[in-house]
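**Student:** So I've got this file, coords-v7.cif, and it contains mmCIF, C-alpha atoms:
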data_structure
loop_
_atom_site.label_atom_id
_atom_site.label_comp_id
_atom_site.auth_asym_id
_atom_site.auth_seq_id
_atom_site.Cartn_x
_atom_site.Cartn_y
_atom_site.Cartn_z
CA MET K 11 -7.15 0.69 -61.10
CA ALA K 12 -6.48 3.51 -58.65
CA ALA K 13 -5.34 2.66 -55.14
CA PRO K 14 -7.97 3.28 -52.42
CA SER K 15 -7.56 6.51 -50.50
CA ALA K 16 -6.91 6.71 -46.77
CA ALA K 17 -10.45 7.93 -46.14
CA GLY K 18 -11.91 4.97 -48.05
CA LEU K 19 -9.78 2.51 -46.06
CA GLY K 20 -10.89 4.17 -42.84
CA ARG K 21 -14.57 3.78 -43.73
CA ARG K 22 -14.08 0.11 -44.57
CA LEU K 23 -12.24 -0.56 -41.32
CA ARG K 24 -14.93 1.16 -39.26
CA ALA K 25 -17.55 -1.00 -40.93
CA TRP K 26 -15.71 -4.20 -39.97
CA LEU K 27 -14.40 -3.27 -36.50
CA PRO K 28 -17.71 -3.67 -34.60
CA ARG K 29 -17.86 -7.31 -35.74
CA LEU K 30 -14.50 -8.11 -34.14
CA THR K 31 -14.58 -9.45 -30.57
CA GLN K 32 -11.52 -9.09 -28.39
CA VAL K 33 -10.55 -12.35 -26.69
CA ARG K 34 -8.01 -12.56 -23.88
CA TRP K 35 -6.25 -15.90 -24.09
CA SER K 36 -5.25 -17.76 -20.95
CA ARG K 37 -2.97 -20.72 -20.41
CA TYR K 38 -5.63 -22.27 -18.15
CA SER K 39 -8.98 -23.68 -19.20
CA PRO K 40 -12.16 -22.59 -17.36
CA SER K 41 -12.11 -25.83 -15.36
CA PHE K 42 -9.03 -24.66 -13.37
CA LEU K 43 -9.71 -23.25 -9.89
CA GLU K 44 -8.15 -20.14 -8.36
CA PRO K 45 -5.39 -20.79 -5.76
CA GLU K 46 -6.30 -20.41 -2.08
CA VAL K 47 -3.48 -19.05 0.13
CA ASN K 48 -5.52 -18.57 3.30
CA LYS K 49 -4.19 -21.13 5.77
CA GLU K 50 -7.10 -20.67 8.15
CA LEU K 51 -9.43 -22.46 5.74
CA TYR K 52 -7.24 -25.59 5.76
CA GLN K 53 -6.68 -25.50 9.55
CA LYS K 54 -10.40 -25.42 10.41
CA PRO K 55 -11.83 -28.67 11.82
CA GLN K 56 -14.18 -30.57 9.53
CA GLU K 57 -17.11 -30.02 11.92
CA GLU K 58 -16.81 -26.20 11.80
CA LEU K 59 -16.86 -25.97 7.99
CA SER K 60 -19.99 -24.66 6.30
CA GLY K 61 -21.65 -26.49 3.41
CA GLU K 62 -20.13 -24.13 0.85
CA GLU K 63 -16.60 -24.52 2.29
CA LYS K 64 -16.92 -28.33 2.28
CA LYS K 65 -18.01 -28.24 -1.34
CA LYS K 66 -14.99 -26.08 -2.25
CA LEU K 67 -12.58 -28.47 -0.56
CA GLU K 68 -14.14 -31.45 -2.34
CA LEU K 69 -13.77 -29.67 -5.68
CA ARG K 70 -10.10 -28.90 -4.96
CA ALA K 71 -9.43 -32.59 -4.47
CA VAL K 72 -10.53 -33.51 -8.00
CA ARG K 73 -10.07 -30.37 -10.15
CA PRO K 74 -6.77 -28.76 -11.23
CA ILE K 75 -5.68 -25.48 -9.59
CA LYS K 76 -3.95 -22.52 -11.21
CA ALA K 77 -0.40 -21.61 -10.22
CA ALA K 78 -0.33 -18.82 -7.63
CA PRO K 79 1.01 -15.47 -8.91
CA PRO K 80 4.22 -14.16 -7.32
CA THR K 81 2.27 -11.48 -5.43
CA LEU K 82 0.41 -14.11 -3.34
CA SER K 83 2.03 -15.96 -0.48
CA SER K 84 0.88 -18.12 2.43
CA SER K 85 3.92 -17.19 4.54
CA VAL K 86 3.25 -15.70 7.98
CA PHE K 87 5.86 -13.01 7.15
CA SER K 88 4.06 -11.94 3.97
CA ASP K 89 2.52 -8.47 4.37
CA PRO K 90 0.97 -6.65 1.38
CA MET K 91 1.54 -3.24 2.99
CA ILE K 92 5.24 -3.89 3.55
CA SER K 93 5.52 -5.23 -0.01
CA LYS K 94 3.94 -2.02 -1.28
CA PHE K 95 6.34 0.09 0.77
CA THR K 96 9.29 -1.97 -0.52
CA ASN K 97 8.20 -1.40 -4.13
CA MET K 98 7.97 2.36 -3.53
CA MET K 99 11.41 2.38 -1.91
CA MET K 100 12.96 0.45 -4.81
CA LYS K 101 15.21 2.35 -7.25
CA ASP K 102 16.20 1.24 -10.77
CA GLY K 103 14.37 -2.07 -10.36
CA ASN K 104 16.76 -3.32 -7.64
CA LYS K 105 14.19 -5.32 -5.65
CA VAL K 106 16.82 -7.37 -3.80
CA LEU K 107 18.38 -4.24 -2.31
CA ALA K 108 14.97 -2.79 -1.37
CA ARG K 109 13.96 -6.02 0.40
CA SER K 110 17.29 -6.11 2.23
CA LEU K 111 16.85 -2.51 3.42
CA MET K 112 13.31 -3.25 4.61
CA ALA K 113 14.44 -6.36 6.51
CA GLN K 114 17.28 -4.40 8.14
CA THR K 115 14.81 -1.65 9.10
CA LEU K 116 12.47 -4.11 10.84
CA GLU K 117 15.44 -5.71 12.58
CA ALA K 118 16.67 -2.29 13.80
CA ILE K 119 13.20 -1.48 15.17
CA LYS K 120 13.12 -4.83 17.00
CA ARG K 121 16.59 -4.26 18.52
CA LYS K 122 15.76 -0.73 19.73
CA GLN K 123 12.46 -1.77 21.27
CA LEU K 124 13.99 -4.81 23.00
CA GLU K 125 16.76 -2.64 24.41
CA LYS K 126 14.15 -0.19 25.67
CA TYR K 127 12.11 -3.08 27.07
CA HIS K 128 15.00 -4.52 29.12
CA LYS K 129 15.97 -1.11 30.52
CA ALA K 130 12.41 -0.15 31.49
CA PRO K 131 11.01 -0.84 34.99
CA GLU K 132 8.59 -3.71 35.47
CA ALA K 133 5.54 -1.44 35.54
CA GLU K 134 6.27 0.00 32.06
CA LYS K 135 7.29 -3.19 30.27
CA GLU K 136 3.72 -4.13 29.33
CA THR K 137 3.22 -0.83 27.48
CA ILE K 138 6.28 -1.27 25.20
CA GLU K 139 5.50 -2.72 21.77
CA CYS K 140 8.27 -4.97 20.42
CA ASN K 141 6.62 -6.34 17.26
CA PRO K 142 8.08 -4.39 14.28
CA TYR K 143 5.10 -5.24 12.05
CA VAL K 144 2.65 -3.68 14.52
CA ILE K 145 4.91 -0.61 14.86
CA PHE K 146 5.14 -0.23 11.07
CA HIS K 147 1.36 -0.40 10.55
CA GLN K 148 0.59 1.98 13.42
CA ALA K 149 3.27 4.45 12.26
CA LEU K 150 1.88 4.37 8.73
CA LYS K 151 -1.63 4.94 10.08
CA ASN K 152 -0.45 7.91 12.18
CA CYS K 153 1.19 9.51 9.11
CA GLN K 154 -1.92 9.34 6.92
CA PRO K 155 -3.60 12.72 6.34
CA ILE K 156 -7.39 12.91 6.46
CA ILE K 157 -7.89 15.84 4.08
CA GLY K 158 -5.80 17.27 1.25
CA LEU K 159 -5.70 20.14 -1.23
CA SER K 160 -6.69 20.02 -4.89
CA SER K 161 -6.00 22.76 -7.48
CA ILE K 162 -9.27 23.87 -9.11
CA THR K 163 -9.51 26.76 -11.61
CA ARG K 164 -12.59 28.98 -11.46
CA GLY K 165 -12.99 32.30 -13.28
CA GLY K 166 -9.39 32.37 -14.44
CA LYS K 167 -8.01 31.88 -10.92
CA THR K 168 -6.60 28.70 -9.37
CA TYR K 169 -7.74 27.86 -5.84
CA GLN K 170 -6.38 25.30 -3.40
CA VAL K 171 -9.60 23.52 -2.46
CA PRO K 172 -9.73 21.14 0.53
CA VAL K 173 -10.96 17.68 -0.48
CA PRO K 174 -11.30 14.43 1.51
CA LEU K 175 -8.72 11.82 0.54
CA LYS K 176 -9.39 8.22 -0.41
CA ASP K 177 -7.69 5.39 1.48
CA ASN K 178 -5.25 4.66 -1.36
CA ARG K 179 -4.21 8.32 -1.54
CA LYS K 180 -3.73 8.49 2.24
CA ARG K 181 -1.42 5.46 2.22
CA PHE K 182 0.49 6.76 -0.80
CA LEU K 183 1.16 10.16 0.82
CA ALA K 184 2.25 8.56 4.11
CA MET K 185 4.70 6.22 2.33
CA LYS K 186 5.97 8.98 0.05
CA TRP K 187 6.63 11.34 2.96
CA LEU K 188 8.50 8.66 4.92
CA ILE K 189 10.73 7.69 1.99
CA THR K 190 11.41 11.30 0.94
CA GLU K 191 12.28 12.31 4.50
CA CYS K 192 14.72 9.42 4.84
CA ARG K 193 16.43 10.13 1.52
CA GLU K 194 16.70 13.92 1.61
CA ASN K 195 17.08 14.85 5.29
CA LYS K 196 19.54 12.30 6.61
CA ASN K 197 23.22 12.57 7.46
CA ARG K 198 25.65 11.20 4.88
CA ARG K 199 27.00 8.66 7.34
CA THR K 200 23.55 7.49 8.49
CA LEU K 201 22.40 4.38 6.68
CA MET K 202 18.90 4.11 5.23
CA PRO K 203 17.67 1.35 7.63
CA GLU K 204 18.82 3.37 10.63
CA LYS K 205 17.12 6.57 9.48
CA LEU K 206 13.92 4.77 8.43
CA SER K 207 13.69 2.94 11.77
CA GLN K 208 14.04 6.29 13.59
CA GLU K 209 11.27 7.87 11.52
CA LEU K 210 8.93 4.90 12.00
CA LEU K 211 9.45 4.88 15.77
CA GLN K 212 8.85 8.64 15.95
CA ALA K 213 5.69 8.31 13.85
CA PHE K 214 4.57 5.40 16.06
CA ASN K 215 4.70 7.82 19.02
CA ASN K 216 2.99 10.62 17.01
CA GLU K 217 6.20 12.64 16.80
CA GLY K 218 8.70 13.67 14.15
CA PRO K 219 8.74 15.66 10.89
CA ILE K 220 6.17 13.46 9.10
CA ILE K 221 3.53 14.15 11.75
CA LYS K 222 4.36 17.89 11.50
CA LYS K 223 3.92 17.73 7.73
CA LYS K 224 0.52 16.08 8.16
CA HIS K 225 -0.58 18.76 10.64
CA THR K 226 0.66 21.50 8.27
CA LEU K 227 -1.46 20.06 5.45
CA HIS K 228 -4.50 19.97 7.75
CA LYS K 229 -3.91 23.62 8.78
CA MET K 230 -3.70 24.69 5.12
CA ALA K 231 -6.93 22.86 4.36
CA GLU K 232 -8.57 24.54 7.36
CA ALA K 233 -7.35 27.96 6.19
CA ASN K 234 -8.80 27.36 2.68
CA ARG K 235 -12.16 26.01 3.86
CA ALA K 236 -13.87 29.09 2.32
CA TYR K 237 -13.15 27.58 -1.13
CA ALA K 238 -14.69 24.19 -0.29
CA HIS K 239 -17.82 24.95 -2.36
CA PHE K 240 -15.68 24.98 -5.55
CA ARG K 241 -15.68 21.16 -5.39
CA TRP K 242 -19.30 21.15 -6.68
CA TRP K 243 -19.70 24.52 -8.37
#
Show the structure stored in the file as structure tokens.

**Tutor:**
Amino acid sequence: MAAPSAAGLGRRLRAWLPRLTQVRWSRYSPSFLEPEVNKELYQKPQEELSGEEKKKLELRAVRPIKAAPPTLSSSVFSDPMISKFTNMMMKDGNKVLARSLMAQTLEAIKRKQLEKYHKAPEAEKETIECNPYVIFHQALKNCQPIIGLSSITRGGKTYQVPVPLKDNRKRFLAMKWLITECRENKNRRTLMPEKLSQELLQAFNNEGPIIKKKHTLHKMAEANRAYAHFRWW
């Protein structure tokens, strides 16, 4: 008896494949509840809880709960944006070094702002921000571009077309520019936390090379606004 050909095997497999159902196995049964890391829910008084929240708490007392993934944390120092920035700064999978550099950067920002705070006159002390987390978030927000350029080919020519950016793309560009600036344009003897703290403080005050890069991108998008209709055509 002759062996079946490749085409025959393919036809048989295609006939059977629609009957197969993909199942994703889990270590937990459907009765397990998702973990809740929001501390505010547990700190609310019993009188302020809604009926749905009371029902959830009663269920948690009698039903098993899944283990929380490593990305979730109930710590007051846990910040998803700083974790994202740390992951982008990491090289060769060395997460311990990246976390250490990020902690040193926040400490350097705190030291510089406290030194500025103690040297400032009484009238200006209220305007000085000393919280490094607030400075980091505001600096990242100031670095985010609003509009970008996308290469679109029409009629054999490639045009740089201005397009609005999504929130994820804005954050990615701001983080990428900060990390690239600190790695490529720093003195050999300047450590990464020192350079990164300088860039974040400059961006917090709407100054520095990252803000200039954002304005340059906006000017290029403004210069190419004649090609904006290529987004739809």

**Student:** Pick out the residues sitting within 10 Å of Arg70 in chain K, and hand them over as a list in words; count only C-alpha atoms, and ignore anything fewer than 6 positions along from it in its own chain.

**Tutor:**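 My list of contacting residues is Phe42, Leu43, Glu44, Pro45, Glu46 and Lys64 of chain K.
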
**Student:** Output the residue selection produced by the PyMOL selection byres ((chain K and resi 147-164) around 6) on the file above, formatted as number ranges by chain.

**Tutor:** K: 144-146, 165-175, 180, 184, 210, 213-214, 221, 224

**Student:** Considering all atoms listed in the file, return as a VMD selection string whatever protein or nucleic-acid residues lie within 12 Å of Tyr38 in chain K, sequence-local ones (same chain, fewer than 3 positions apart) excluded.

**Tutor:** chain K and resid 34 to 35 41 to 44 74 to 77

**Student:** Could you state the separation of CA of Lys105 in chain K and CA of Lys176 in chain K in Å, given to one decimal place?

**Tutor:** 27.7 Å

**Student:** Run the PyMOL selection byres ((chain K and resi 192-207) around 7) against the file shown and list the residues it catches, as an MDAnalysis selection string.

**Tutor:** chainID K and resid 111 114:115 118:119 188:191 208:211

**Student:** Output C-alpha atoms for every residue in that selection, as an mmCIF file, keeping the file's coordinate frame.

**Tutor:**
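Written out: result.cif:
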data_model
loop_
_atom_site.group_PDB
_atom_site.id
_atom_site.type_symbol
_atom_site.label_atom_id
_atom_site.label_comp_id
_atom_site.auth_asym_id
_atom_site.auth_seq_id
_atom_site.Cartn_x
_atom_site.Cartn_y
_atom_site.Cartn_z
ATOM 1 C CA LEU K 111 16.850 -2.510 3.420
ATOM 2 C CA GLN K 114 17.280 -4.400 8.140
ATOM 3 C CA THR K 115 14.810 -1.650 9.100
ATOM 4 C CA ALA K 118 16.670 -2.290 13.800
ATOM 5 C CA ILE K 119 13.200 -1.480 15.170
ATOM 6 C CA LEU K 188 8.500 8.660 4.920
ATOM 7 C CA ILE K 189 10.730 7.690 1.990
ATOM 8 C CA THR K 190 11.410 11.300 0.940
ATOM 9 C CA GLU K 191 12.280 12.310 4.500
ATOM 10 C CA GLN K 208 14.040 6.290 13.590
ATOM 11 C CA GLU K 209 11.270 7.870 11.520
ATOM 12 C CA LEU K 210 8.930 4.900 12.000
ATOM 13 C CA LEU K 211 9.450 4.880 15.770
#

**Student:** Grab the CA of Lys120 in chain K to CA of Ser83 in chain K distance for me, in Å with one decimal place.

**Tutor:**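 Atom-to-atom, CA of Lys120 in chain K to CA of Ser83 in chain K, that is 23.5 Å.
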
**Student:** Go ahead and compute the interatomic distance for CA of Arg181 in chain K and CA of Met98 in chain K, in Å to one decimal.

**Tutor:**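 Separation between CA of Arg181 in chain K and CA of Met98 in chain K: 11.4 Å.
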
**Student:** Need the axis-aligned box for range 167-182 of chain K with 6 Å each side, so what are the centre and edges in Å to one decimal, as AutoDock Vina command-line options?

**Tutor:**
--center_x -5.4 --center_y 18.3 --center_z -4.3 --size_x 23.8 --size_y 39.2 --size_z 25.2

**Student:** Using the partial input, fill out range 178-189 of chain K with all heavy atoms; write the result as a PDB file, in the frame of the given file.

**Tutor:**
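out.pdb, written as the output of this step:
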ATOM      1  N   ASN K 178      -6.472   4.897  -0.587  1.00  0.00           N
ATOM      2  CA  ASN K 178      -5.250   4.660  -1.360  1.00  0.00           C
ATOM      3  C   ASN K 178      -4.363   5.894  -1.377  1.00  0.00           C
ATOM      4  O   ASN K 178      -3.132   5.799  -1.278  1.00  0.00           O
ATOM      5  CB  ASN K 178      -5.616   4.268  -2.804  1.00  0.00           C
ATOM      6  CG  ASN K 178      -6.197   2.880  -2.886  1.00  0.00           C
ATOM      7  OD1 ASN K 178      -6.034   2.088  -1.970  1.00  0.00           O
ATOM      8  ND2 ASN K 178      -6.885   2.588  -3.973  1.00  0.00           N
ATOM      9  N   ARG K 179      -4.983   7.074  -1.520  1.00  0.00           N
ATOM     10  CA  ARG K 179      -4.210   8.320  -1.540  1.00  0.00           C
ATOM     11  C   ARG K 179      -3.573   8.606  -0.179  1.00  0.00           C
ATOM     12  O   ARG K 179      -2.443   9.080  -0.099  1.00  0.00           O
ATOM     13  CB  ARG K 179      -5.133   9.473  -1.951  1.00  0.00           C
ATOM     14  CG  ARG K 179      -4.452  10.833  -2.061  1.00  0.00           C
ATOM     15  CD  ARG K 179      -3.443  10.863  -3.178  1.00  0.00           C
ATOM     16  NE  ARG K 179      -2.802  12.156  -3.281  1.00  0.00           N
ATOM     17  CZ  ARG K 179      -1.744  12.414  -4.047  1.00  0.00           C
ATOM     18  NH1 ARG K 179      -1.218  11.441  -4.795  1.00  0.00           N
ATOM     19  NH2 ARG K 179      -1.213  13.615  -4.091  1.00  0.00           N
ATOM     20  N   LYS K 180      -4.291   8.294   0.902  1.00  0.00           N
ATOM     21  CA  LYS K 180      -3.730   8.490   2.240  1.00  0.00           C
ATOM     22  C   LYS K 180      -2.473   7.644   2.426  1.00  0.00           C
ATOM     23  O   LYS K 180      -1.440   8.131   2.902  1.00  0.00           O
ATOM     24  CB  LYS K 180      -4.772   8.092   3.298  1.00  0.00           C
ATOM     25  CG  LYS K 180      -5.968   9.012   3.397  1.00  0.00           C
ATOM     26  CD  LYS K 180      -6.921   8.455   4.454  1.00  0.00           C
ATOM     27  CE  LYS K 180      -8.221   9.225   4.480  1.00  0.00           C
ATOM     28  NZ  LYS K 180      -9.173   8.659   5.456  1.00  0.00           N
ATOM     29  N   ARG K 181      -2.576   6.360   2.056  1.00  0.00           N
ATOM     30  CA  ARG K 181      -1.420   5.460   2.220  1.00  0.00           C
ATOM     31  C   ARG K 181      -0.262   5.901   1.343  1.00  0.00           C
ATOM     32  O   ARG K 181       0.910   5.871   1.765  1.00  0.00           O
ATOM     33  CB  ARG K 181      -1.818   4.027   1.882  1.00  0.00           C
ATOM     34  CG  ARG K 181      -2.692   3.371   2.934  1.00  0.00           C
ATOM     35  CD  ARG K 181      -2.777   1.873   2.699  1.00  0.00           C
ATOM     36  NE  ARG K 181      -3.435   1.566   1.448  1.00  0.00           N
ATOM     37  CZ  ARG K 181      -4.728   1.340   1.321  1.00  0.00           C
ATOM     38  NH1 ARG K 181      -5.515   1.405   2.387  1.00  0.00           N
ATOM     39  NH2 ARG K 181      -5.259   1.045   0.160  1.00  0.00           N
ATOM     40  N   PHE K 182      -0.577   6.329   0.114  1.00  0.00           N
ATOM     41  CA  PHE K 182       0.490   6.760  -0.800  1.00  0.00           C
ATOM     42  C   PHE K 182       1.236   7.953  -0.228  1.00  0.00           C
ATOM     43  O   PHE K 182       2.473   7.998  -0.261  1.00  0.00           O
ATOM     44  CB  PHE K 182      -0.113   7.101  -2.168  1.00  0.00           C
ATOM     45  CG  PHE K 182       0.857   7.758  -3.103  1.00  0.00           C
ATOM     46  CD1 PHE K 182       1.823   7.004  -3.767  1.00  0.00           C
ATOM     47  CD2 PHE K 182       0.839   9.131  -3.314  1.00  0.00           C
ATOM     48  CE1 PHE K 182       2.730   7.602  -4.620  1.00  0.00           C
ATOM     49  CE2 PHE K 182       1.738   9.739  -4.165  1.00  0.00           C
ATOM     50  CZ  PHE K 182       2.688   8.975  -4.815  1.00  0.00           C
ATOM     51  N   LEU K 183       0.505   8.961   0.277  1.00  0.00           N
ATOM     52  CA  LEU K 183       1.160  10.160   0.820  1.00  0.00           C
ATOM     53  C   LEU K 183       2.008   9.810   2.043  1.00  0.00           C
ATOM     54  O   LEU K 183       3.128  10.315   2.197  1.00  0.00           O
ATOM     55  CB  LEU K 183       0.105  11.203   1.186  1.00  0.00           C
ATOM     56  CG  LEU K 183      -0.542  11.941   0.019  1.00  0.00           C
ATOM     57  CD1 LEU K 183      -1.628  12.878   0.523  1.00  0.00           C
ATOM     58  CD2 LEU K 183       0.490  12.731  -0.784  1.00  0.00           C
ATOM     59  N   ALA K 184       1.485   8.936   2.925  1.00  0.00           N
ATOM     60  CA  ALA K 184       2.250   8.560   4.110  1.00  0.00           C
ATOM     61  C   ALA K 184       3.558   7.859   3.723  1.00  0.00           C
ATOM     62  O   ALA K 184       4.636   8.177   4.246  1.00  0.00           O
ATOM     63  CB  ALA K 184       1.408   7.660   5.010  1.00  0.00           C
ATOM     64  N   MET K 185       3.488   6.917   2.781  1.00  0.00           N
ATOM     65  CA  MET K 185       4.700   6.220   2.330  1.00  0.00           C
ATOM     66  C   MET K 185       5.663   7.167   1.627  1.00  0.00           C
ATOM     67  O   MET K 185       6.884   7.122   1.847  1.00  0.00           O
ATOM     68  CB  MET K 185       4.313   5.073   1.391  1.00  0.00           C
ATOM     69  CG  MET K 185       3.582   3.935   2.059  1.00  0.00           C
ATOM     70  SD  MET K 185       3.176   2.628   0.879  1.00  0.00           S
ATOM     71  CE  MET K 185       2.304   1.473   1.923  1.00  0.00           C
ATOM     72  N   LYS K 186       5.124   8.036   0.792  1.00  0.00           N
ATOM     73  CA  LYS K 186       5.970   8.980   0.050  1.00  0.00           C
ATOM     74  C   LYS K 186       6.698   9.920   1.000  1.00  0.00           C
ATOM     75  O   LYS K 186       7.897  10.191   0.835  1.00  0.00           O
ATOM     76  CB  LYS K 186       5.102   9.763  -0.920  1.00  0.00           C
ATOM     77  CG  LYS K 186       5.873  10.772  -1.763  1.00  0.00           C
ATOM     78  CD  LYS K 186       4.931  11.592  -2.613  1.00  0.00           C
ATOM     79  CE  LYS K 186       5.679  12.690  -3.364  1.00  0.00           C
ATOM     80  NZ  LYS K 186       4.749  13.557  -4.122  1.00  0.00           N
ATOM     81  N   TRP K 187       5.991  10.441   2.005  1.00  0.00           N
ATOM     82  CA  TRP K 187       6.630  11.340   2.960  1.00  0.00           C
ATOM     83  C   TRP K 187       7.725  10.646   3.747  1.00  0.00           C
ATOM     84  O   TRP K 187       8.799  11.217   3.972  1.00  0.00           O
ATOM     85  CB  TRP K 187       5.570  11.902   3.924  1.00  0.00           C
ATOM     86  CG  TRP K 187       4.641  12.882   3.300  1.00  0.00           C
ATOM     87  CD1 TRP K 187       4.802  13.523   2.107  1.00  0.00           C
ATOM     88  CD2 TRP K 187       3.381  13.327   3.814  1.00  0.00           C
ATOM     89  NE1 TRP K 187       3.727  14.334   1.850  1.00  0.00           N
ATOM     90  CE2 TRP K 187       2.839  14.244   2.882  1.00  0.00           C
ATOM     91  CE3 TRP K 187       2.656  13.041   4.969  1.00  0.00           C
ATOM     92  CZ2 TRP K 187       1.618  14.867   3.079  1.00  0.00           C
ATOM     93  CZ3 TRP K 187       1.439  13.666   5.168  1.00  0.00           C
ATOM     94  CH2 TRP K 187       0.928  14.579   4.233  1.00  0.00           C
ATOM     95  N   LEU K 188       7.480   9.401   4.169  1.00  0.00           N
ATOM     96  CA  LEU K 188       8.500   8.660   4.920  1.00  0.00           C
ATOM     97  C   LEU K 188       9.756   8.435   4.084  1.00  0.00           C
ATOM     98  O   LEU K 188      10.877   8.674   4.547  1.00  0.00           O
ATOM     99  CB  LEU K 188       7.925   7.325   5.383  1.00  0.00           C
ATOM    100  CG  LEU K 188       7.023   7.347   6.616  1.00  0.00           C
ATOM    101  CD1 LEU K 188       6.301   6.025   6.768  1.00  0.00           C
ATOM    102  CD2 LEU K 188       7.837   7.637   7.869  1.00  0.00           C
ATOM    103  N   ILE K 189       9.575   7.987   2.842  1.00  0.00           N
ATOM    104  CA  ILE K 189      10.730   7.690   1.990  1.00  0.00           C
ATOM    105  C   ILE K 189      11.478   8.962   1.630  1.00  0.00           C
ATOM    106  O   ILE K 189      12.717   9.016   1.645  1.00  0.00           O
ATOM    107  CB  ILE K 189      10.262   6.933   0.723  1.00  0.00           C
ATOM    108  CG1 ILE K 189       9.696   5.568   1.110  1.00  0.00           C
ATOM    109  CG2 ILE K 189      11.402   6.761  -0.268  1.00  0.00           C
ATOM    110  CD1 ILE K 189       8.983   4.847  -0.008  1.00  0.00           C
TER     111      ILE K 189
END
